[in-house]
Amino acid sequence: MAASRPVRLVLCVALAAGLSWPIGLALGLGSASTFGVVIAVLVIRPDFGRVPAALFLLLPVVVVVGLALGTLLKQLVDGPLVWKFAIVTIWAQLLGQALPDKLLVARNLLPILAILPLLSSNSTWLAAWHQALAVCIGMGVGAAMQASLRLPGEASGEAPEGPPLPARSLAQRFADPYFWRKLVFSALALSIGMGLGAVNPKYVYFGVVLLLNESVGATLLRVRDRMVGVSLGVLMPWLVFNTIGLNSIAVGLVMGGTTALIVLLRLDVHLRTALISSGVTFVGYGALTDWYIPTRWIDYLLGCGLALAVCVLLAPSSALQTLRTLARQQRDAGRLELTAEMAAMLPSARAEARWLGQEQQLQEELQGLQPKLKVELK
């Protein structure tokens, strides 16, 4: 079962992408079919566990709300693009922060979805409806392909849940200083990207919205995932572009090829980011120009740099130091236990430790705290 899983995963992604594209075109969705392709491959779980049922309700609602917000404000706000970006971003961030912390995924998606209508000259309510419909088609195709290639022993898999987040009231969520830091710089990100001379300043915006986190370690972790995923995600489109054209076979080859590359390199943690990069690069643009791939990489690098600079220079928070403080408190209290709060902070602390060259020291500290738990820094 486990031995065949990588092959089935590549086949599943290729079939889901290759089928969702012509279905969208057949229904007259046009360029919105790109949404279906990207969502179809993202809902596929590498372990072939069942897709959480709540996702089929939550994702369409978030997509509709985000696209509707951007479409409405684009028509209401009069001014330059940077001003429209700032207004839409602020509203999306405020709306997302009003959501409970357990809907963190929806909170991160809203600012991305809301600005998509600003990036197209054909931002109408009909276009937003086509995009939302394409998302639903992609979810259905991806789930169906995964179910058809799932083996009986994998049917009971459920989405992994992280440590429970402490519940915060609405007032506490809006009193979070890190939220306001992110809101201000995401609203300014497009104008900063333009000032830095980015060819596609929208990627500077994406960098701040997707990567800027409370702690330096968490931001570093997301920056690493973004740059590795973007770098690997453009390889297959680069190999295929301007050769066999944009069709269902090419779409399947590109998305399946990206999955195979990630599996061969054993970089499964970056699979989703790489698939998004491949889908946007190839399906979203079709025949690529020579300048697109390098400038996209450079512009994302500028976004990563801006997110890191903001995180380090303005009210920096160190996950590594916080974890060490919690570890000392545990030892002083005579408890050798890795709490849920510490477990949630561990990936970010590891990212900081790698950057500072303190991996071995962190390893020893964690092993001293929890002798029965083998903690490995990969």
# chains A, B, ... in the order shown; residues from 1 in each chain; ligands from 1
>>> select_by_dssp(residues="region 67-254 of chain A", states="alpha helix (DSSP H)", output="PyMOL selection string")
chain A and resi 67-76+81-97+104-115+125-149+170-174+177-195+202-211+216-233+235-240+248-254
>>> residues_around(residues="Lys182 (chain A)", least_positions_apart="3", cutoff="9 Å", atoms="only C-alpha atoms", output="list of chain:residue names")
A:Gln93, A:Pro177, A:Tyr178, A:Phe179, A:Phe185, A:Ser186, A:Ala187, A:Val208, A:Val209, A:Leu212, A:Asn213, A:Glu214, A:Val310
>>> closest_residue(among="A:Leu133, A:Ile23, A:Leu232, A:Val7", to="Val61 (chain A)", atoms="only C-alpha atoms")
A:Leu133
>>> closest_residue(among="A:Thr281, A:Asn200, A:Ser231, A:Thr89", to="Thr34 (chain A)", atoms="only C-alpha atoms")
A:Thr281
>>> closest_residue(among="A:Gly334, A:Pro22, A:Gly193, A:Gly217", to="Thr322 (chain A)", atoms="only C-alpha atoms")
A:Gly217
>>> atom_distance(atom1="CA of Thr124 (chain A)", atom2="CA of Ala32 (chain A)")
12.2 Å
>>> residues_around(residues="Val240 (chain A)", least_positions_apart="2", cutoff="12 Å", atoms="only C-alpha atoms", output="compact mmCIF listing (two decimals) with N, CA and C atoms, in the first residue's frame")
# COMPACT_ATOMS: atom_id res chain seq x y z
N VAL A 234 8.05 26.08 -10.87
CA VAL A 234 8.17 26.67 -12.21
C VAL A 234 8.96 25.77 -13.17
N LEU A 235 9.56 24.70 -12.65
CA LEU A 235 10.40 23.87 -13.52
C LEU A 235 9.60 23.17 -14.61
N MET A 236 8.51 22.51 -14.23
CA MET A 236 7.71 21.79 -15.23
C MET A 236 7.06 22.73 -16.23
N PRO A 237 6.47 23.84 -15.80
CA PRO A 237 5.97 24.79 -16.81
C PRO A 237 7.05 25.30 -17.74
N TRP A 238 8.26 25.49 -17.22
CA TRP A 238 9.36 25.97 -18.05
C TRP A 238 9.75 24.92 -19.09
N ASN A 242 5.36 26.75 -24.35
CA ASN A 242 5.55 27.06 -25.77
C ASN A 242 5.92 25.83 -26.61
N THR A 243 5.58 24.62 -26.12
CA THR A 243 5.89 23.42 -26.91
C THR A 243 4.62 22.75 -27.39
N ILE A 244 3.87 22.14 -26.47
CA ILE A 244 2.66 21.43 -26.90
C ILE A 244 1.41 22.25 -26.61
N GLY A 245 1.56 23.47 -26.16
CA GLY A 245 0.40 24.33 -25.95
C GLY A 245 -0.35 24.02 -24.68
N LEU A 246 -1.45 24.73 -24.48
CA LEU A 246 -2.26 24.57 -23.27
C LEU A 246 -3.47 23.71 -23.59
N ASN A 247 -3.45 22.49 -23.12
CA ASN A 247 -4.58 21.57 -23.28
C ASN A 247 -4.62 20.64 -22.08
N ILE A 249 -3.99 17.51 -21.73
CA ILE A 249 -2.84 16.62 -21.59
C ILE A 249 -1.64 17.38 -21.01
N ALA A 250 -1.40 18.58 -21.53
CA ALA A 250 -0.29 19.38 -21.02
C ALA A 250 -0.50 19.76 -19.56
N VAL A 251 -1.74 20.11 -19.21
CA VAL A 251 -2.03 20.46 -17.81
C VAL A 251 -1.75 19.27 -16.90
N GLY A 252 -2.20 18.09 -17.31
CA GLY A 252 -1.93 16.89 -16.51
C GLY A 252 -0.45 16.58 -16.40
N LEU A 253 0.28 16.75 -17.51
CA LEU A 253 1.71 16.50 -17.48
C LEU A 253 2.44 17.45 -16.54
N VAL A 254 2.09 18.72 -16.59
CA VAL A 254 2.77 19.71 -15.76
C VAL A 254 2.50 19.46 -14.28
N MET A 255 1.23 19.31 -13.91
CA MET A 255 0.89 19.14 -12.50
C MET A 255 1.36 17.78 -11.97
N GLY A 257 3.88 16.11 -13.27
CA GLY A 257 5.34 16.17 -13.26
C GLY A 257 5.88 16.90 -12.05
N THR A 258 5.22 17.97 -11.64
CA THR A 258 5.64 18.69 -10.44
C THR A 258 5.51 17.79 -9.21
N SER A 278 2.99 25.86 -9.97
CA SER A 278 2.87 25.27 -11.31
C SER A 278 1.54 25.63 -11.95
N THR A 281 1.53 29.39 -12.86
CA THR A 281 2.50 29.70 -13.90
C THR A 281 2.08 29.16 -15.25
N PHE A 282 1.62 27.91 -15.30
CA PHE A 282 1.32 27.29 -16.59
C PHE A 282 -0.14 27.47 -16.99
N VAL A 283 -1.05 27.04 -16.14
CA VAL A 283 -2.47 27.09 -16.51
C VAL A 283 -2.96 28.54 -16.54
N GLY A 286 -0.52 30.04 -19.66
CA GLY A 286 -0.40 29.35 -20.94
C GLY A 286 0.98 29.50 -21.54
N ALA A 287 1.06 30.07 -22.73
CA ALA A 287 2.35 30.28 -23.40
C ALA A 287 3.12 31.37 -22.67
N LEU A 288 4.21 30.99 -22.03
CA LEU A 288 4.96 31.92 -21.19
C LEU A 288 5.97 32.72 -21.99
>>> residues_around(residues="Arg272 (chain A)", least_positions_apart="4", cutoff="12 Å", atoms="only C-alpha atoms", output="mmCIF file with C-alpha atoms, in the first residue's frame")
data_model
loop_
_atom_site.group_PDB
_atom_site.id
_atom_site.type_symbol
_atom_site.label_atom_id
_atom_site.label_comp_id
_atom_site.auth_asym_id
_atom_site.auth_seq_id
_atom_site.Cartn_x
_atom_site.Cartn_y
_atom_site.Cartn_z
ATOM 1 C CA VAL A 13 -2.896 14.844 -9.381
ATOM 2 C CA VAL A 38 -5.475 24.541 -8.700
ATOM 3 C CA ILE A 39 -8.191 23.567 -6.212
ATOM 4 C CA ALA A 40 -8.526 20.066 -7.697
ATOM 5 C CA VAL A 41 -4.898 19.246 -6.915
ATOM 6 C CA LEU A 42 -4.869 20.995 -3.541
ATOM 7 C CA VAL A 43 -7.750 18.989 -2.064
ATOM 8 C CA ILE A 44 -5.872 15.751 -2.769
ATOM 9 C CA ARG A 45 -4.180 14.527 0.384
ATOM 10 C CA PRO A 46 -0.819 12.767 -0.040
ATOM 11 C CA ASP A 225 8.443 26.898 1.995
ATOM 12 C CA ARG A 226 7.479 29.693 -0.403
ATOM 13 C CA VAL A 228 11.424 26.227 -2.380
ATOM 14 C CA GLY A 229 7.877 25.679 -3.646
ATOM 15 C CA VAL A 230 8.019 28.537 -6.159
ATOM 16 C CA LEU A 232 10.398 23.818 -7.954
ATOM 17 C CA GLY A 233 6.930 24.740 -9.176
ATOM 18 C CA MET A 255 0.895 19.140 -12.500
ATOM 19 C CA THR A 258 5.644 18.689 -10.435
ATOM 20 C CA THR A 259 4.234 16.132 -8.001
ATOM 21 C CA ILE A 262 8.605 16.734 -5.249
ATOM 22 C CA VAL A 263 8.164 13.052 -4.382
ATOM 23 C CA LEU A 267 10.219 17.428 -0.258
ATOM 24 C CA ASP A 268 6.600 16.518 0.404
ATOM 25 C CA ILE A 276 0.087 26.315 -6.673
ATOM 26 C CA SER A 277 3.166 27.722 -8.401
ATOM 27 C CA SER A 278 2.868 25.270 -11.312
ATOM 28 C CA GLY A 279 -0.851 25.867 -11.719
#
